[in-house]
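A.B. asks: Next up, run-v9.tsv (TSV, C-alpha atoms and all ligand atoms).
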chain	number	residue	atom	x	y	z
A	12	MET	CA	-60.31	27.47	-133.96
A	13	LEU	CA	-63.54	25.60	-134.48
A	14	TYR	CA	-66.66	27.66	-134.79
A	15	GLU	CA	-69.19	26.73	-132.16
A	16	PRO	CA	-72.70	28.08	-132.59
A	17	PRO	CA	-74.07	29.87	-129.54
A	18	LEU	CA	-76.31	28.03	-127.07
A	19	TYR	CA	-79.41	29.82	-125.88
A	20	TYR	CA	-81.05	29.75	-122.46
A	21	VAL	CA	-84.81	29.62	-122.85
A	22	THR	CA	-87.00	31.54	-120.41
A	23	ILE	CA	-89.95	29.77	-118.80
A	24	GLU	CA	-92.33	31.75	-121.03
A	25	GLU	CA	-90.57	30.62	-124.22
A	26	THR	CA	-90.09	26.97	-123.23
A	27	PHE	CA	-93.51	25.77	-124.40
A	28	ASP	CA	-93.13	27.30	-127.88
A	29	VAL	CA	-89.57	26.03	-128.29
A	30	ILE	CA	-90.56	22.47	-127.38
A	31	LYS	CA	-93.69	22.68	-129.55
A	32	ARG	CA	-91.60	23.77	-132.56
A	33	ALA	CA	-89.17	20.88	-132.05
A	34	HIS	CA	-92.02	18.41	-131.53
A	35	ILE	CA	-93.71	19.45	-134.78
A	36	ALA	CA	-90.40	19.70	-136.69
A	37	THR	CA	-89.60	16.08	-135.77
A	38	GLY	CA	-93.05	14.94	-136.93
A	39	HIS	CA	-94.42	14.51	-133.41
A	40	GLY	CA	-91.11	13.00	-132.41
A	41	GLY	CA	-90.45	11.38	-129.07
A	42	ARG	CA	-88.16	12.52	-126.27
A	43	ASP	CA	-84.87	11.42	-127.83
A	44	ARG	CA	-85.59	12.90	-131.24
A	45	MET	CA	-86.54	16.19	-129.61
A	46	ILE	CA	-83.33	16.16	-127.51
A	47	LYS	CA	-81.28	15.69	-130.69
A	48	GLU	CA	-83.12	18.59	-132.32
A	49	LEU	CA	-82.84	20.92	-129.31
A	50	GLN	CA	-79.41	20.32	-127.79
A	51	ARG	CA	-77.62	21.94	-130.74
A	52	LYS	CA	-79.32	25.25	-129.99
A	53	TYR	CA	-80.60	25.33	-126.42
A	54	ALA	CA	-78.94	24.78	-123.06
A	55	ASN	CA	-81.77	24.35	-120.61
A	56	ILE	CA	-84.59	22.20	-121.95
A	57	THR	CA	-84.96	19.29	-119.54
A	58	THR	CA	-85.80	15.69	-120.43
A	59	LYS	CA	-88.70	15.89	-118.00
A	60	ALA	CA	-90.19	18.90	-119.82
A	61	LEU	CA	-89.99	17.04	-123.13
A	62	GLU	CA	-91.63	13.94	-121.65
A	63	LEU	CA	-94.38	16.08	-120.15
A	64	PHE	CA	-95.02	17.87	-123.44
A	65	LYS	CA	-95.13	14.56	-125.36
A	66	SER	CA	-97.51	13.02	-122.82
A	67	LEU	CA	-99.91	15.96	-123.14
A	68	CYS	CA	-99.81	16.38	-126.95
A	69	GLU	CA	-103.34	15.82	-128.29
A	70	GLU	CA	-102.18	14.39	-131.63
A	71	CYS	CA	-99.86	11.90	-129.95
A	72	GLN	CA	-102.60	10.82	-127.53
A	73	LYS	CA	-104.97	10.10	-130.43
A	74	LYS	CA	-102.28	7.94	-132.05
A	75	ARG	CA	-101.65	6.00	-128.85
A	76	LYS	CA	-105.30	5.14	-128.28
A	77	ARG	CA	-104.35	3.62	-124.95
A	78	PRO	CA	-106.82	4.79	-122.31
A	79	MET	CA	-105.34	7.25	-119.86
A	80	THR	CA	-105.43	6.31	-116.21
A	81	LYS	CA	-108.33	8.02	-114.59
A	82	GLY	CA	-110.08	8.27	-111.28
A	83	VAL	CA	-106.97	9.09	-109.27
A	84	MET	CA	-108.07	11.20	-106.33
A	85	LEU	CA	-105.40	13.21	-104.57
A	86	ARG	CA	-105.96	14.89	-101.26
A	87	PRO	CA	-103.92	18.06	-101.01
A	88	ILE	CA	-101.48	18.38	-98.14
A	89	LEU	CA	-101.80	21.66	-96.28
A	90	SER	CA	-98.89	23.34	-94.54
A	91	LYS	CA	-99.29	26.06	-91.97
A	92	GLU	CA	-95.70	27.15	-91.50
A	93	PHE	CA	-92.82	28.23	-93.70
A	94	ALA	CA	-90.08	25.57	-93.89
A	95	SER	CA	-92.18	22.89	-92.14
A	96	ARG	CA	-92.65	20.75	-95.24
A	97	GLY	CA	-90.30	20.57	-98.17
A	98	GLN	CA	-90.05	18.72	-101.43
A	99	VAL	CA	-86.85	17.55	-103.05
A	100	ASP	CA	-86.46	16.67	-106.69
A	101	LEU	CA	-83.58	15.97	-109.02
A	102	ILE	CA	-83.68	17.43	-112.51
A	103	ASP	CA	-81.90	15.31	-115.11
A	104	MET	CA	-79.59	17.47	-117.22
A	105	GLN	CA	-77.43	14.57	-118.48
A	106	SER	CA	-78.45	15.26	-122.06
A	107	MET	CA	-77.15	18.83	-121.76
A	108	PRO	CA	-74.32	18.86	-119.20
A	109	ARG	CA	-72.47	22.10	-118.47
A	110	SER	CA	-68.87	21.92	-117.18
A	111	ASN	CA	-69.50	18.50	-115.63
A	112	PHE	CA	-72.74	19.50	-113.89
A	113	LYS	CA	-75.29	16.89	-114.96
A	114	TRP	CA	-78.06	17.24	-112.35
A	115	ILE	CA	-79.91	19.97	-110.52
A	116	VAL	CA	-81.25	19.44	-107.03
A	117	MET	CA	-84.45	21.40	-106.44
A	118	TYR	CA	-85.78	22.08	-102.96
A	119	GLN	CA	-89.22	23.66	-102.60
A	120	ASP	CA	-90.92	24.94	-99.48
A	121	HIS	CA	-94.44	23.53	-99.55
A	122	LEU	CA	-96.29	26.53	-98.10
A	123	THR	CA	-94.65	29.39	-99.98
A	124	LYS	CA	-93.53	27.42	-103.08
A	125	PHE	CA	-90.15	29.13	-102.62
A	126	CYS	CA	-87.55	27.18	-104.63
A	127	ILE	CA	-83.81	26.76	-104.33
A	128	HIS	CA	-81.80	25.08	-107.07
A	129	ARG	CA	-78.22	23.79	-106.86
A	130	PRO	CA	-76.09	22.21	-109.60
A	131	LEU	CA	-74.69	18.70	-109.08
A	132	HIS	CA	-71.96	16.67	-110.76
A	133	THR	CA	-73.63	13.39	-109.79
A	134	LYS	CA	-76.84	12.32	-108.04
A	135	ARG	CA	-74.91	10.55	-105.30
A	136	ALA	CA	-76.46	10.86	-101.85
A	137	THR	CA	-73.37	12.56	-100.39
A	138	GLU	CA	-73.45	15.31	-102.99
A	139	VAL	CA	-77.22	15.84	-102.66
A	140	ALA	CA	-76.97	15.84	-98.84
A	141	PHE	CA	-74.13	18.36	-98.93
A	142	GLN	CA	-76.33	20.79	-100.88
A	143	LEU	CA	-79.41	20.11	-98.74
A	144	VAL	CA	-77.52	20.85	-95.52
A	145	ASP	CA	-76.49	24.18	-97.02
A	146	ILE	CA	-80.11	24.92	-97.98
A	147	PHE	CA	-81.35	23.95	-94.49
A	148	LEU	CA	-78.79	26.25	-92.88
A	149	LEU	CA	-80.23	29.03	-95.01
A	150	MET	CA	-83.95	28.52	-94.40
A	151	GLY	CA	-84.30	25.89	-91.66
A	152	ALA	CA	-84.73	22.12	-91.91
A	153	PRO	CA	-88.29	20.89	-92.58
A	154	ALA	CA	-90.16	18.52	-90.24
A	155	VAL	CA	-91.38	16.57	-93.27
A	156	MET	CA	-89.51	16.15	-96.52
A	157	TRP	CA	-90.41	14.12	-99.57
A	158	ASN	CA	-89.30	13.32	-103.06
A	159	VAL	CA	-91.57	12.98	-106.09
B	1	ZN	ZN	-97.37	15.08	-130.72
As structure tokens, how would this structure be written, given the file I've shared?

C.D. replies:
Amino acid sequence: MLYEPPLYYVTIEETFDVIKRAHIATGHGGRDRMIKELQRKYANITTKALELFKSLCEECQKKRKRPMTKGVMLRPILSKEFASRGQVDLIDMQSMPRSNFKWIVMYQDHLTKFCIHRPLHTKRATEVAFQLVDIFLLMGAPAVMWNV
């Protein structure tokens, strides 16, 4: 039998340090180099988290020298009721699939920030809708729903 090293699940508190270590170890490496470094050891570091870390790294920003977009004003949306507004997002886990699950659908209630996650094999509309219907049966369908 082949020896397979264990894969670790990183808690939210540890994620920053784990990504930082991989980013430094790869010499301020980009997303793909960090994935290569991390997927041998960890099971739940998302591509999006790596991209976010890279985009916020001070050293990498100095190297880029491209001015950051500024002056974007966002007006916050206020919700008054639970389950009246909801946000849907897909988390890309293709770089670290587990038993054919390659995506996670995330639904968040806007007022309470309550989150529900469901694993997906694909990001096909039918599969996402199937999970959303189940979530709506649990907590009610929102009047407004959006995707970031
Ligand atoms: Zn960097």

A.B. asks: List as a list in words the protein and nucleic acid residues near Phe93 in chain A, meaning an atom at most 7 Å away when all atoms listed in the file are counted, but skip any in the same chain fewer than 5 places from it.

C.D. replies: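 Final neighbour list, sorted by chain and number: Asp120, Leu122 and Thr123 of chain A.
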
A.B. asks: Taking all atoms listed in the file into account, which of A:Leu49, A:Lys65, A:Tyr20, A:Asn55 comes nearest ligand ZN 1 (chain B)?

C.D. replies: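 Ranked by minimum distance to ligand ZN 1 (chain B), first place goes to A:Lys65.
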
A.B. asks: Counting all atoms listed in the file, what residues are within 9 Å of ligand ZN 1 (chain B), given as a ChimeraX atom specification?

C.D. replies: /A:31,34-35,38-41,64-72,74

A.B. asks: What does the distance between CA of Asp103 in chain A and CA of Glu62 in chain A come to in Å, to one decimal place?

C.D. replies: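 Computed distance, CA of Asp103 in chain A to CA of Glu62 in chain A, equals 11.8 Å.
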
A.B. asks: Counting only C-alpha atoms, which residues sit no farther than 6 Å from the position (-83.8, 22.2, -107.4) in the file's frame? I'd like them as a list in words.

C.D. replies: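 Collected hits near the coordinates: Ile115, Val116, Met117, Tyr118, Ile127, His128 and Arg129 of chain A.
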
A.B. asks: Selection from above, C-alpha atoms, as a PDB file, keeping the file's coordinate frame, can you write it?

C.D. replies:
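Saved file result_38.pdb follows:
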ATOM      1  CA  ILE A 115     -79.910  19.970-110.520  1.00  0.00           C
ATOM      2  CA  VAL A 116     -81.250  19.440-107.030  1.00  0.00           C
ATOM      3  CA  MET A 117     -84.450  21.400-106.440  1.00  0.00           C
ATOM      4  CA  TYR A 118     -85.780  22.080-102.960  1.00  0.00           C
ATOM      5  CA  ILE A 127     -83.810  26.760-104.330  1.00  0.00           C
ATOM      6  CA  HIS A 128     -81.800  25.080-107.070  1.00  0.00           C
ATOM      7  CA  ARG A 129     -78.220  23.790-106.860  1.00  0.00           C
TER       8      ARG A 129
END

A.B. asks: Quick one: of A:Thr57, A:Gln98, A:Gln142, A:Gln105, who's nearest to Phe125 in chain A, counting all atoms listed in the file?

C.D. replies: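 Ranked by minimum distance to Phe125 in chain A, first place goes to A:Gln98.
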
A.B. asks: Of the candidates A:Gln50, A:Arg96, A:Leu149, A:Val83, which shows the shortest atom-to-atom distance to Arg109 in chain A, using only C-alpha atoms?

C.D. replies: A:Gln50

A.B. asks: When distances are computed from all atoms listed in the file, which of A:Phe27, A:Gly97, A:Ser106, A:Lys113 shows the smallest separation from Ile146 in chain A?

C.D. replies: A:Gly97

A.B. asks: What is the CA of Ile23 in chain A-CA of Ala60 in chain A distance in Å, reported with one decimal?

C.D. replies: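 Taking CA of Ile23 in chain A and CA of Ala60 in chain A, their separation equals 10.9 Å.
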
A.B. asks: I'd like the interatomic distance between CA of Ala154 in chain A and CA of His121 in chain A, to a tenth of an Å.

C.D. replies: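 Here the two named atoms are 11.4 Å from each other.
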
A.B. asks: Within 6 Å of Arg42 in chain A, counting only C-alpha atoms, which residues qualify if same-chain residues fewer than 2 places away don't, as a PyMOL selection string?

C.D. replies: chain A and resi 44-45+61-62

A.B. asks: May I ask which of the residues A:Val139, A:Arg75, A:Tyr53, A:Pro153 is the closest one to Ser95 in chain A, counting all atoms listed in the file?

C.D. replies: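 Smallest distance to Ser95 in chain A is found for A:Pro153.
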
A.B. asks: Out of A:Val144, A:Ile56, A:Glu92, A:Leu85, which residue has the shortest atom-to-atom distance to Tyr19 in chain A when counting all atoms listed in the file?

C.D. replies: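 Ranked by minimum distance to Tyr19 in chain A, first place goes to A:Ile56.
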
A.B. asks: Could you give me, as a list of chain:residue names, the residues within 8 Å of Asn158 in chain A, counting only C-alpha atoms and dropping anything in the same chain fewer than 2 positions from it?

C.D. replies: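 Everything that qualifies: A:Gln98, A:Val99, A:Asp100, A:Met156.
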
A.B. asks: Generate the output file for the selected residues, C-alpha atoms, as a short mmCIF file (atom, residue, chain, number, x, y, z; two decimals), in the coordinates of the input.

C.D. replies:
data_model
loop_
_atom_site.label_atom_id
_atom_site.label_comp_id
_atom_site.auth_asym_id
_atom_site.auth_seq_id
_atom_site.Cartn_x
_atom_site.Cartn_y
_atom_site.Cartn_z
CA GLN A 98 -90.05 18.72 -101.43
CA VAL A 99 -86.85 17.55 -103.05
CA ASP A 100 -86.46 16.67 -106.69
CA MET A 156 -89.51 16.15 -96.52
#

A.B. asks: May I have the residues within 6 Å of Phe112 in chain A as a list in words, using only C-alpha atoms and disregarding those fewer than 3 positions away in the same chain?

C.D. replies: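 These residues fall inside the cut-off: Pro108, Arg109, Leu131 and His132 of chain A.
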